[in-house]
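Colleague: input_32.cif is reproduced below (mmCIF, C-alpha atoms and all ligand atoms).
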data_upload
#
loop_
_atom_site.label_atom_id
_atom_site.label_comp_id
_atom_site.auth_asym_id
_atom_site.auth_seq_id
_atom_site.Cartn_x
_atom_site.Cartn_y
_atom_site.Cartn_z
CA MET I 6 44.16 115.76 -140.46
CA ALA I 7 40.75 117.34 -140.05
CA LEU I 8 37.54 116.19 -141.75
CA VAL I 9 34.80 118.81 -141.96
CA THR I 10 31.41 117.59 -143.19
CA GLY I 11 29.32 120.01 -145.24
CA GLY I 12 32.58 121.89 -145.77
CA ALA I 13 31.92 123.41 -149.20
CA ARG I 14 30.64 126.70 -147.77
CA GLY I 15 29.46 128.61 -144.73
CA ILE I 16 30.58 127.61 -141.23
CA GLY I 17 32.15 124.39 -142.53
CA ALA I 18 34.36 126.16 -145.07
CA ALA I 19 35.41 128.82 -142.53
CA THR I 20 36.23 126.10 -139.98
CA ALA I 21 38.30 124.15 -142.49
CA GLU I 22 40.28 127.26 -143.39
CA ARG I 23 40.83 128.16 -139.72
CA LEU I 24 42.06 124.63 -138.91
CA ALA I 25 44.35 124.79 -141.97
CA GLU I 26 45.84 128.02 -140.58
CA ASP I 27 46.81 125.96 -137.53
CA GLY I 28 48.56 123.52 -139.87
CA ALA I 29 46.02 120.71 -140.28
CA ALA I 30 45.61 118.89 -143.57
CA ILE I 31 41.98 119.26 -144.56
CA ALA I 32 39.36 116.91 -145.98
CA LEU I 33 36.03 118.40 -146.98
CA CYS I 34 32.98 116.28 -147.61
CA ASP I 35 29.82 117.61 -149.16
CA LEU I 36 26.95 116.66 -151.42
CA ASP I 37 28.27 119.39 -153.70
CA LEU I 38 31.61 117.96 -154.92
CA ALA I 39 32.40 120.91 -157.20
CA GLY I 40 31.86 123.33 -154.30
CA ALA I 41 33.98 121.21 -151.94
CA GLU I 42 36.77 121.00 -154.54
CA ALA I 43 36.74 124.76 -155.08
CA THR I 44 36.91 125.44 -151.32
CA ALA I 45 39.65 122.82 -150.84
CA GLY I 46 41.66 124.42 -153.66
CA GLN I 47 41.38 127.88 -152.08
CA ILE I 48 42.46 126.55 -148.68
CA ALA I 49 45.43 124.70 -150.20
CA SER I 50 46.68 127.81 -151.99
CA ARG I 51 46.07 130.20 -149.04
CA CYS I 52 47.39 127.97 -146.25
CA GLY I 53 49.82 125.61 -148.00
CA VAL I 54 48.33 122.44 -146.50
CA LYS I 55 47.28 119.20 -148.19
CA THR I 56 43.56 119.07 -148.93
CA ALA I 57 41.07 116.56 -150.31
CA ALA I 58 37.44 116.90 -151.33
CA VAL I 59 35.06 113.95 -151.27
CA ARG I 60 31.41 113.69 -152.28
CA ALA I 61 29.42 111.93 -149.58
CA ASP I 62 25.95 112.06 -148.08
CA VAL I 63 26.60 111.86 -144.33
CA SER I 64 23.25 110.15 -143.73
CA LYS I 65 24.30 107.09 -145.79
CA ALA I 66 26.41 104.52 -143.94
CA ASP I 67 28.19 103.10 -147.01
CA GLU I 68 29.11 106.57 -148.29
CA VAL I 69 30.49 107.60 -144.88
CA GLU I 70 32.61 104.44 -144.56
CA ARG I 71 33.99 104.97 -148.09
CA MET I 72 34.66 108.64 -147.40
CA VAL I 73 36.66 107.95 -144.24
CA GLU I 74 38.67 105.23 -145.99
CA GLU I 75 39.41 107.57 -148.88
CA VAL I 76 40.51 110.55 -146.77
CA VAL I 77 42.77 108.38 -144.62
CA LEU I 78 44.30 106.91 -147.78
CA ARG I 79 44.83 110.36 -149.33
CA LEU I 80 45.89 112.34 -146.24
CA GLY I 81 47.33 109.67 -143.93
CA SER I 82 45.26 109.99 -140.74
CA LEU I 83 42.08 111.40 -139.23
CA ASP I 84 42.53 113.33 -135.98
CA ILE I 85 39.75 115.93 -136.04
CA LEU I 86 36.10 115.50 -137.06
CA VAL I 87 33.72 118.44 -137.31
CA ASN I 88 30.13 117.24 -137.71
CA ASN I 89 28.88 120.33 -139.50
CA ALA I 90 26.69 119.16 -142.42
CA GLY I 91 23.18 120.43 -141.92
CA ILE I 92 19.83 121.22 -143.47
CA THR I 93 16.57 122.79 -142.34
CA ARG I 94 13.01 121.73 -143.22
CA ASP I 95 11.08 124.19 -141.06
CA ASN I 96 7.36 123.96 -140.49
CA LEU I 97 4.90 124.28 -137.64
CA ILE I 98 4.19 120.92 -136.02
CA HIS I 99 0.70 120.56 -137.57
CA LYS I 100 2.21 120.96 -141.05
CA MET I 101 5.50 119.11 -140.54
CA THR I 102 5.67 115.94 -142.62
CA GLU I 103 7.45 112.71 -141.79
CA ASP I 104 9.82 113.49 -144.66
CA ASP I 105 10.69 116.85 -143.03
CA TRP I 106 11.41 115.02 -139.78
CA ASP I 107 13.40 112.17 -141.34
CA ALA I 108 15.49 114.43 -143.59
CA VAL I 109 16.63 116.64 -140.70
CA ALA I 110 17.18 113.80 -138.23
CA GLY I 111 18.99 111.87 -140.99
CA VAL I 112 21.57 114.54 -141.82
CA HIS I 113 22.21 115.92 -138.33
CA LEU I 114 21.79 112.95 -135.99
CA ARG I 115 22.37 109.87 -138.14
CA GLY I 116 25.06 111.77 -140.07
CA ALA I 117 27.00 112.76 -136.94
CA PHE I 118 26.61 109.25 -135.53
CA LEU I 119 27.90 107.56 -138.70
CA CYS I 120 30.81 109.97 -139.11
CA SER I 121 31.81 109.77 -135.44
CA ARG I 122 31.67 105.97 -135.45
CA ALA I 123 33.90 105.76 -138.51
CA ALA I 124 36.30 108.53 -137.44
CA GLN I 125 36.87 107.35 -133.86
CA ARG I 126 38.42 104.10 -135.16
CA GLU I 127 41.24 106.16 -136.68
CA MET I 128 41.57 108.39 -133.60
CA VAL I 129 41.74 105.46 -131.17
CA LYS I 130 44.68 104.01 -133.18
CA ARG I 131 46.71 107.17 -132.49
CA ASN I 132 45.38 107.85 -129.00
CA TRP I 133 44.42 111.42 -129.93
CA GLY I 134 41.32 112.94 -131.39
CA ARG I 135 38.85 115.81 -131.43
CA ILE I 136 35.15 115.64 -132.32
CA VAL I 137 33.02 118.78 -132.51
CA ASN I 138 29.28 118.66 -133.22
CA LEU I 139 27.47 121.70 -134.60
CA SER I 140 24.45 122.21 -132.34
CA SER I 141 22.43 125.45 -132.28
CA VAL I 142 20.57 127.82 -129.97
CA SER I 143 17.54 126.14 -131.55
CA ALA I 144 18.28 123.21 -129.20
CA LEU I 145 16.59 125.38 -126.56
CA GLY I 146 13.42 125.46 -128.66
CA ASN I 147 12.44 127.45 -131.74
CA ARG I 148 9.05 127.93 -133.37
CA GLY I 149 8.77 125.98 -136.62
CA GLN I 150 11.76 123.77 -135.88
CA THR I 151 10.51 120.70 -134.01
CA ASN I 152 12.76 118.52 -136.18
CA TYR I 153 15.82 120.78 -136.16
CA SER I 154 15.67 121.70 -132.46
CA ALA I 155 15.30 118.03 -131.49
CA ALA I 156 18.26 117.10 -133.69
CA LYS I 157 20.41 119.95 -132.34
CA ALA I 158 19.60 118.97 -128.73
CA GLY I 159 20.43 115.37 -129.64
CA LEU I 160 23.84 116.43 -130.93
CA GLN I 161 24.60 117.84 -127.49
CA GLY I 162 23.77 114.51 -125.82
CA MET I 163 25.81 112.68 -128.43
CA ALA I 164 28.88 114.85 -127.74
CA LYS I 165 28.57 114.20 -123.98
CA THR I 166 28.37 110.44 -124.45
CA LEU I 167 31.25 110.38 -126.96
CA ALA I 168 33.27 112.34 -124.37
CA ILE I 169 32.58 109.69 -121.72
CA GLU I 170 33.28 106.70 -123.97
CA LEU I 171 36.33 108.04 -125.83
CA GLY I 172 38.13 110.15 -123.22
CA ARG I 173 40.43 107.26 -122.27
CA TYR I 174 41.79 107.29 -125.82
CA GLY I 175 42.82 110.96 -125.71
CA ILE I 176 39.71 111.97 -127.64
CA THR I 177 37.56 114.94 -126.61
CA ALA I 178 34.05 115.58 -127.90
CA ASN I 179 32.16 118.85 -127.56
CA ALA I 180 29.22 120.69 -129.09
CA VAL I 181 29.18 124.30 -130.22
CA ALA I 182 25.78 125.96 -130.41
CA PRO I 183 25.73 129.05 -132.63
CA GLY I 184 23.07 131.73 -132.66
CA PHE I 185 22.37 133.75 -135.80
CA ILE I 186 25.26 133.33 -138.24
CA ASP I 187 25.15 134.97 -141.67
CA SER I 188 25.30 132.06 -144.15
CA GLU I 189 23.40 130.51 -147.07
CA MET I 190 21.27 128.70 -144.49
CA THR I 191 20.05 131.88 -142.78
CA ARG I 192 19.71 133.71 -146.13
CA ALA I 193 17.55 130.87 -147.47
CA THR I 194 15.39 131.12 -144.34
CA ALA I 195 14.90 134.87 -144.94
CA VAL I 196 13.86 134.22 -148.55
CA ARG I 197 11.45 131.50 -147.42
CA LEU I 198 9.87 133.98 -145.01
CA GLY I 199 9.49 136.48 -147.87
CA ARG I 200 12.12 138.79 -146.36
CA ASP I 201 15.12 140.55 -147.85
CA PRO I 202 18.14 138.69 -146.37
CA GLU I 203 20.11 141.89 -145.59
CA GLU I 204 17.16 143.59 -143.88
CA TRP I 205 16.33 140.43 -141.94
CA LYS I 206 19.95 140.12 -140.80
CA GLU I 207 19.97 143.74 -139.55
CA GLU I 208 16.68 143.22 -137.74
CA ARG I 209 17.98 140.06 -136.07
CA ALA I 210 21.25 141.85 -135.16
CA ARG I 211 19.30 144.46 -133.17
CA GLU I 212 18.11 141.64 -130.85
CA ILE I 213 21.64 140.32 -130.25
CA PRO I 214 23.45 141.83 -127.22
CA VAL I 215 26.68 142.58 -129.19
CA ARG I 216 24.50 144.18 -131.92
CA ARG I 217 25.76 142.24 -134.90
CA ALA I 218 25.05 138.96 -136.66
CA GLY I 219 27.68 136.28 -136.30
CA VAL I 220 29.94 135.35 -139.19
CA PRO I 221 31.21 131.84 -139.94
CA ARG I 222 34.71 132.81 -138.76
CA ASP I 223 33.35 133.48 -135.22
CA VAL I 224 32.31 129.82 -134.95
CA ALA I 225 35.47 128.61 -136.71
CA ASN I 226 37.67 130.31 -134.09
CA LEU I 227 35.88 128.52 -131.25
CA ILE I 228 36.07 125.15 -132.99
CA ALA I 229 39.78 125.63 -133.71
CA PHE I 230 40.39 126.21 -130.00
CA LEU I 231 38.43 123.09 -129.02
CA CYS I 232 40.51 121.11 -131.54
CA SER I 233 43.85 122.37 -130.17
CA ASP I 234 46.12 120.68 -127.61
CA GLU I 235 45.31 123.54 -125.19
CA ALA I 236 41.70 122.27 -125.01
CA SER I 237 42.56 118.70 -123.98
CA PHE I 238 40.73 119.02 -120.61
CA ILE I 239 37.53 120.41 -122.16
CA SER I 240 35.22 117.56 -123.09
CA GLY I 241 31.51 116.84 -123.10
CA GLN I 242 30.69 120.55 -123.06
CA VAL I 243 28.18 122.63 -124.95
CA ILE I 244 29.40 126.13 -125.76
CA TYR I 245 26.86 128.67 -126.97
CA ILE I 246 28.26 131.25 -129.37
CA ALA I 247 25.55 133.77 -129.97
CA GLY I 248 26.79 137.28 -129.15
CA GLY I 249 25.05 137.01 -125.79
CA PRO I 250 23.68 134.38 -123.42
CA ARG I 251 21.08 133.40 -126.02
CA ALA I 252 20.46 134.79 -129.50
P1 LIG I 301 25.02 125.98 -145.06
O1 LIG I 301 25.68 127.21 -145.60
O2 LIG I 301 23.68 125.60 -145.57
O3 LIG I 301 26.04 124.76 -145.25
C1 LIG I 301 25.68 123.44 -144.95
C2 LIG I 301 26.50 122.52 -145.80
O4 LIG I 301 26.12 121.17 -145.47
C3 LIG I 301 26.22 122.70 -147.31
O5 LIG I 301 27.44 122.79 -148.02
C4 LIG I 301 25.45 121.42 -147.66
O6 LIG I 301 25.71 120.94 -148.97
C5 LIG I 301 26.01 120.43 -146.66
N1 LIG I 301 25.15 119.27 -146.52
C6 LIG I 301 23.80 119.24 -146.37
N2 LIG I 301 23.35 117.99 -146.30
C7 LIG I 301 24.44 117.18 -146.41
C8 LIG I 301 24.62 115.78 -146.41
N3 LIG I 301 23.58 114.94 -146.29
N4 LIG I 301 25.88 115.29 -146.55
C9 LIG I 301 26.94 116.12 -146.71
N5 LIG I 301 26.82 117.46 -146.70
C10 LIG I 301 25.58 117.99 -146.56
O7 LIG I 301 24.86 126.05 -143.47
P2 LIG I 301 25.71 126.80 -142.32
O8 LIG I 301 24.92 127.97 -141.89
O9 LIG I 301 27.13 126.95 -142.70
O10 LIG I 301 25.54 125.71 -141.15
C11 LIG I 301 26.53 124.75 -140.82
C12 LIG I 301 26.09 124.02 -139.58
O11 LIG I 301 25.90 124.95 -138.52
C13 LIG I 301 24.77 123.27 -139.72
O12 LIG I 301 24.82 122.07 -138.98
C14 LIG I 301 23.78 124.21 -139.10
O13 LIG I 301 22.63 123.53 -138.63
C15 LIG I 301 24.60 124.81 -137.97
N6 LIG I 301 24.13 126.11 -137.49
C16 LIG I 301 24.03 127.18 -138.33
C17 LIG I 301 23.56 128.39 -137.82
C18 LIG I 301 23.43 129.62 -138.67
O14 LIG I 301 22.88 130.61 -138.19
N7 LIG I 301 23.89 129.64 -139.89
C19 LIG I 301 23.21 128.49 -136.48
C20 LIG I 301 23.33 127.37 -135.66
C21 LIG I 301 23.80 126.18 -136.18
P3 LIG I 301 24.71 121.16 -150.20
O15 LIG I 301 24.59 122.58 -150.43
O16 LIG I 301 25.35 120.43 -151.32
O17 LIG I 301 23.40 120.56 -149.79
#
Represent the structure from my file as structure tokens, please.
Modeller:
Amino acid sequence: MALVTGGARGIGAATAERLAEDGAAIALCDLDLAGAEATAGQIASRCGVKTAAVRADVSKADEVERMVEEVVLRLGSLDILVNNAGITRDNLIHKMTEDDWDAVAGVHLRGAFLCSRAAQREMVKRNWGRIVNLSSVSALGNRGQTNYSAAKAGLQGMAKTLAIELGRYGITANAVAPGFIDSEMTRATAVRLGRDPEEWKEERAREIPVRRAGVPRDVANLIAFLCSDEASFISGQVIYIAGGPRA
């Protein structure tokens, strides 16, 4: 069974569907329960797997513990965790507030920590598991994203340490670091910058070596491979997926 956080839409929803195509039962957690239920319903009817949707804020320890208990009860096990839930609160450093910092660190770093801690207990029991953290090319630095780039770099370090600690239990942990992927997140950024999302996407695509923006399915395919048995010797790695060496 695979648990995808922030799975109602975007990269999370595409990843859940891709893992379902490989036969995994799917649990989606999101702040938006209606959205997660709708996505879970579509995946169940398209792929014929069991699904569950749970409302949880990944930055809250009690909600994460309850969520993991509930999905294990409903779907029987937890073998794959994709730490995908994410937000942005962009601002230049001189304007960035403590709330901007705490919100981003809370969802990405604390969220991935809480979910990994809860999920690994289930994985250790079965001596098999896969953890994938969503990092970003922003981990290499990006103007206006002190909070987000620090969190995304932190998720890489977290994956490497989880790989070291959990490898003996048949658990791998890796980070995938996407470049520009067309999603609500990037569309909201365009709107915030006063740009038309389609025009902004085309402009960004011209800077990408393969001359297109990424789509959620591009990232989902990579995550599905890392979660397969074929990837059991790949652990503690960061894989950039950006249509070139860096977006
Ligand atoms: P998205 O469309 O904004 O989806 C993010 C999902 O996370 C939303 O459904 C959101 O739910 C959920 N979420 C936010 N805070 C949450 C919380 N505290 N608890 C549970 N769920 C929460 O974003 P995306 O583009 O698919 O991005 C997915 C991941 O990839 C993120 O970690 C992002 O940083 C990373 N990434 C994206 C890109 C890109 O270009 N799109 C590039 C690199 C990395 P609500 O709507 O209910 O808040």
Colleague: Could you please determine the separation between CA of Ile244 (chain I) and CA of Ala182 (chain I) in Å, to one decimal place?
Modeller: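 CA of Ala182 (chain I) lies at a distance of 5.9 Å from CA of Ile244 (chain I).
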Colleague: Let me make sure I understand: among I:Arg14, I:Arg251, I:His99, I:Arg23, which one has the smallest atom-to-atom distance to ligand LIG 301 (chain I) if we use all atoms listed in the file?
Modeller: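 Going through I:Arg14, I:Arg251, I:His99, I:Arg23 one by one, the smallest distance to ligand LIG 301 (chain I) is for I:Arg14.
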Colleague: How would you write as a list of chain:residue names the residues that get within 10 Å of (19.7, 139.4, -127.0) in the file's frame, counting all atoms listed in the file?
Modeller: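 Here the neighbourhood of the point contains I:Arg209, I:Ala210, I:Arg211, I:Glu212, I:Ile213, I:Pro214, I:Val215, I:Arg216, I:Ala247, I:Gly248, I:Gly249, I:Pro250, I:Arg251, I:Ala252.
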Colleague: Nearest residue to Ala19 (chain I) out of I:Gly241, I:Gly172, I:Gly81, I:Pro221, using all atoms listed in the file?
Modeller: I:Pro221
Colleague: Identify, counting all atoms listed in the file, the protein, DNA and RNA residues located within 6 Å of ligand LIG 301 (chain I), and give them as a ChimeraX atom specification.
Modeller: /I:10-17,35-37,61-64,89-92,112,139-141,182-191
Colleague: Could you add the missing atoms to region 70-95 of chain I, up to N, CA, C and O atoms, and return them as a PDB file, in the frame of the given file?
Modeller:
ATOM      1  N   GLU I  70      31.478 105.385-144.725  1.00  0.00           N
ATOM      2  CA  GLU I  70      32.610 104.440-144.560  1.00  0.00           C
ATOM      3  C   GLU I  70      33.623 104.637-145.693  1.00  0.00           C
ATOM      4  O   GLU I  70      34.826 104.700-145.457  1.00  0.00           O
ATOM      5  N   ARG I  71      33.109 104.763-146.932  1.00  0.00           N
ATOM      6  CA  ARG I  71      33.990 104.970-148.090  1.00  0.00           C
ATOM      7  C   ARG I  71      34.752 106.290-147.979  1.00  0.00           C
ATOM      8  O   ARG I  71      35.939 106.365-148.262  1.00  0.00           O
ATOM      9  N   MET I  72      34.042 107.322-147.526  1.00  0.00           N
ATOM     10  CA  MET I  72      34.660 108.640-147.400  1.00  0.00           C
ATOM     11  C   MET I  72      35.832 108.598-146.414  1.00  0.00           C
ATOM     12  O   MET I  72      36.922 109.101-146.694  1.00  0.00           O
ATOM     13  N   VAL I  73      35.602 107.979-145.256  1.00  0.00           N
ATOM     14  CA  VAL I  73      36.660 107.950-144.240  1.00  0.00           C
ATOM     15  C   VAL I  73      37.859 107.135-144.753  1.00  0.00           C
ATOM     16  O   VAL I  73      39.008 107.551-144.611  1.00  0.00           O
ATOM     17  N   GLU I  74      37.572 106.021-145.389  1.00  0.00           N
ATOM     18  CA  GLU I  74      38.670 105.230-145.990  1.00  0.00           C
ATOM     19  C   GLU I  74      39.470 106.066-146.975  1.00  0.00           C
ATOM     20  O   GLU I  74      40.695 106.071-146.962  1.00  0.00           O
ATOM     21  N   GLU I  75      38.735 106.787-147.829  1.00  0.00           N
ATOM     22  CA  GLU I  75      39.410 107.570-148.880  1.00  0.00           C
ATOM     23  C   GLU I  75      40.256 108.707-148.297  1.00  0.00           C
ATOM     24  O   GLU I  75      41.398 108.906-148.711  1.00  0.00           O
ATOM     25  N   VAL I  76      39.727 109.418-147.287  1.00  0.00           N
ATOM     26  CA  VAL I  76      40.510 110.550-146.770  1.00  0.00           C
ATOM     27  C   VAL I  76      41.739 110.044-146.002  1.00  0.00           C
ATOM     28  O   VAL I  76      42.803 110.671-146.060  1.00  0.00           O
ATOM     29  N   VAL I  77      41.604 108.916-145.341  1.00  0.00           N
ATOM     30  CA  VAL I  77      42.770 108.380-144.620  1.00  0.00           C
ATOM     31  C   VAL I  77      43.836 107.934-145.631  1.00  0.00           C
ATOM     32  O   VAL I  77      45.028 108.185-145.457  1.00  0.00           O
ATOM     33  N   LEU I  78      43.376 107.339-146.722  1.00  0.00           N
ATOM     34  CA  LEU I  78      44.300 106.910-147.780  1.00  0.00           C
ATOM     35  C   LEU I  78      45.013 108.118-148.392  1.00  0.00           C
ATOM     36  O   LEU I  78      46.223 108.114-148.613  1.00  0.00           O
ATOM     37  N   ARG I  79      44.244 109.201-148.632  1.00  0.00           N
ATOM     38  CA  ARG I  79      44.830 110.360-149.330  1.00  0.00           C
ATOM     39  C   ARG I  79      45.642 111.261-148.416  1.00  0.00           C
ATOM     40  O   ARG I  79      46.614 111.866-148.826  1.00  0.00           O
ATOM     41  N   LEU I  80      45.229 111.365-147.117  1.00  0.00           N
ATOM     42  CA  LEU I  80      45.890 112.340-146.240  1.00  0.00           C
ATOM     43  C   LEU I  80      46.615 111.696-145.054  1.00  0.00           C
ATOM     44  O   LEU I  80      47.265 112.378-144.278  1.00  0.00           O
ATOM     45  N   GLY I  81      46.480 110.381-144.898  1.00  0.00           N
ATOM     46  CA  GLY I  81      47.330 109.670-143.930  1.00  0.00           C
ATOM     47  C   GLY I  81      46.760 109.409-142.555  1.00  0.00           C
ATOM     48  O   GLY I  81      47.194 108.486-141.884  1.00  0.00           O
ATOM     49  N   SER I  82      45.807 110.213-142.088  1.00  0.00           N
ATOM     50  CA  SER I  82      45.260 109.990-140.740  1.00  0.00           C
ATOM     51  C   SER I  82      43.938 110.738-140.629  1.00  0.00           C
ATOM     52  O   SER I  82      43.533 111.439-141.556  1.00  0.00           O
ATOM     53  N   LEU I  83      43.283 110.596-139.491  1.00  0.00           N
ATOM     54  CA  LEU I  83      42.080 111.400-139.230  1.00  0.00           C
ATOM     55  C   LEU I  83      42.073 111.711-137.733  1.00  0.00           C
ATOM     56  O   LEU I  83      41.832 110.828-136.911  1.00  0.00           O
ATOM     57  N   ASP I  84      42.383 112.950-137.392  1.00  0.00           N
ATOM     58  CA  ASP I  84      42.530 113.330-135.980  1.00  0.00           C
ATOM     59  C   ASP I  84      41.394 114.216-135.484  1.00  0.00           C
ATOM     60  O   ASP I  84      41.122 114.278-134.288  1.00  0.00           O
ATOM     61  N   ILE I  85      40.783 114.954-136.421  1.00  0.00           N
ATOM     62  CA  ILE I  85      39.750 115.930-136.040  1.00  0.00           C
ATOM     63  C   ILE I  85      38.528 115.699-136.933  1.00  0.00           C
ATOM     64  O   ILE I  85      38.668 115.596-138.162  1.00  0.00           O
ATOM     65  N   LEU I  86      37.356 115.608-136.292  1.00  0.00           N
ATOM     66  CA  LEU I  86      36.100 115.500-137.060  1.00  0.00           C
ATOM     67  C   LEU I  86      35.179 116.634-136.637  1.00  0.00           C
ATOM     68  O   LEU I  86      34.897 116.792-135.441  1.00  0.00           O
ATOM     69  N   VAL I  87      34.718 117.406-137.599  1.00  0.00           N
ATOM     70  CA  VAL I  87      33.720 118.440-137.310  1.00  0.00           C
ATOM     71  C   VAL I  87      32.424 118.037-138.006  1.00  0.00           C
ATOM     72  O   VAL I  87      32.344 118.023-139.237  1.00  0.00           O
ATOM     73  N   ASN I  88      31.437 117.653-137.191  1.00  0.00           N
ATOM     74  CA  ASN I  88      30.130 117.240-137.710  1.00  0.00           C
ATOM     75  C   ASN I  88      29.302 118.499-137.959  1.00  0.00           C
ATOM     76  O   ASN I  88      28.575 118.970-137.081  1.00  0.00           O
ATOM     77  N   ASN I  89      29.463 119.029-139.180  1.00  0.00           N
ATOM     78  CA  ASN I  89      28.880 120.330-139.500  1.00  0.00           C
ATOM     79  C   ASN I  89      27.741 120.265-140.526  1.00  0.00           C
ATOM     80  O   ASN I  89      26.901 121.164-140.560  1.00  0.00           O
ATOM     81  N   ALA I  90      27.693 119.213-141.345  1.00  0.00           N
ATOM     82  CA  ALA I  90      26.690 119.160-142.420  1.00  0.00           C
ATOM     83  C   ALA I  90      25.301 119.360-141.829  1.00  0.00           C
ATOM     84  O   ALA I  90      24.972 118.780-140.789  1.00  0.00           O
ATOM     85  N   GLY I  91      24.498 120.180-142.492  1.00  0.00           N
ATOM     86  CA  GLY I  91      23.180 120.430-141.920  1.00  0.00           C
ATOM     87  C   GLY I  91      22.192 120.941-142.948  1.00  0.00           C
ATOM     88  O   GLY I  91      22.566 121.505-143.972  1.00  0.00           O
ATOM     89  N   ILE I  92      20.925 120.705-142.642  1.00  0.00           N
ATOM     90  CA  ILE I  92      19.830 121.220-143.470  1.00  0.00           C
ATOM     91  C   ILE I  92      18.699 121.674-142.538  1.00  0.00           C
ATOM     92  O   ILE I  92      18.676 121.297-141.366  1.00  0.00           O
ATOM     93  N   THR I  93      17.802 122.472-143.077  1.00  0.00           N
ATOM     94  CA  THR I  93      16.570 122.790-142.340  1.00  0.00           C
ATOM     95  C   THR I  93      15.377 122.395-143.208  1.00  0.00           C
ATOM     96  O   THR I  93      15.445 122.447-144.437  1.00  0.00           O
ATOM     97  N   ARG I  94      14.310 121.965-142.566  1.00  0.00           N
ATOM     98  CA  ARG I  94      13.010 121.730-143.220  1.00  0.00           C
ATOM     99  C   ARG I  94      11.959 122.248-142.248  1.00  0.00           C
ATOM    100  O   ARG I  94      11.255 121.475-141.600  1.00  0.00           O
ATOM    101  N   ASP I  95      11.906 123.582-142.109  1.00  0.00           N
ATOM    102  CA  ASP I  95      11.080 124.190-141.060  1.00  0.00           C
ATOM    103  C   ASP I  95       9.582 124.116-141.386  1.00  0.00           C
ATOM    104  O   ASP I  95       9.181 124.302-142.529  1.00  0.00           O
TER     105      ASP I  95
END
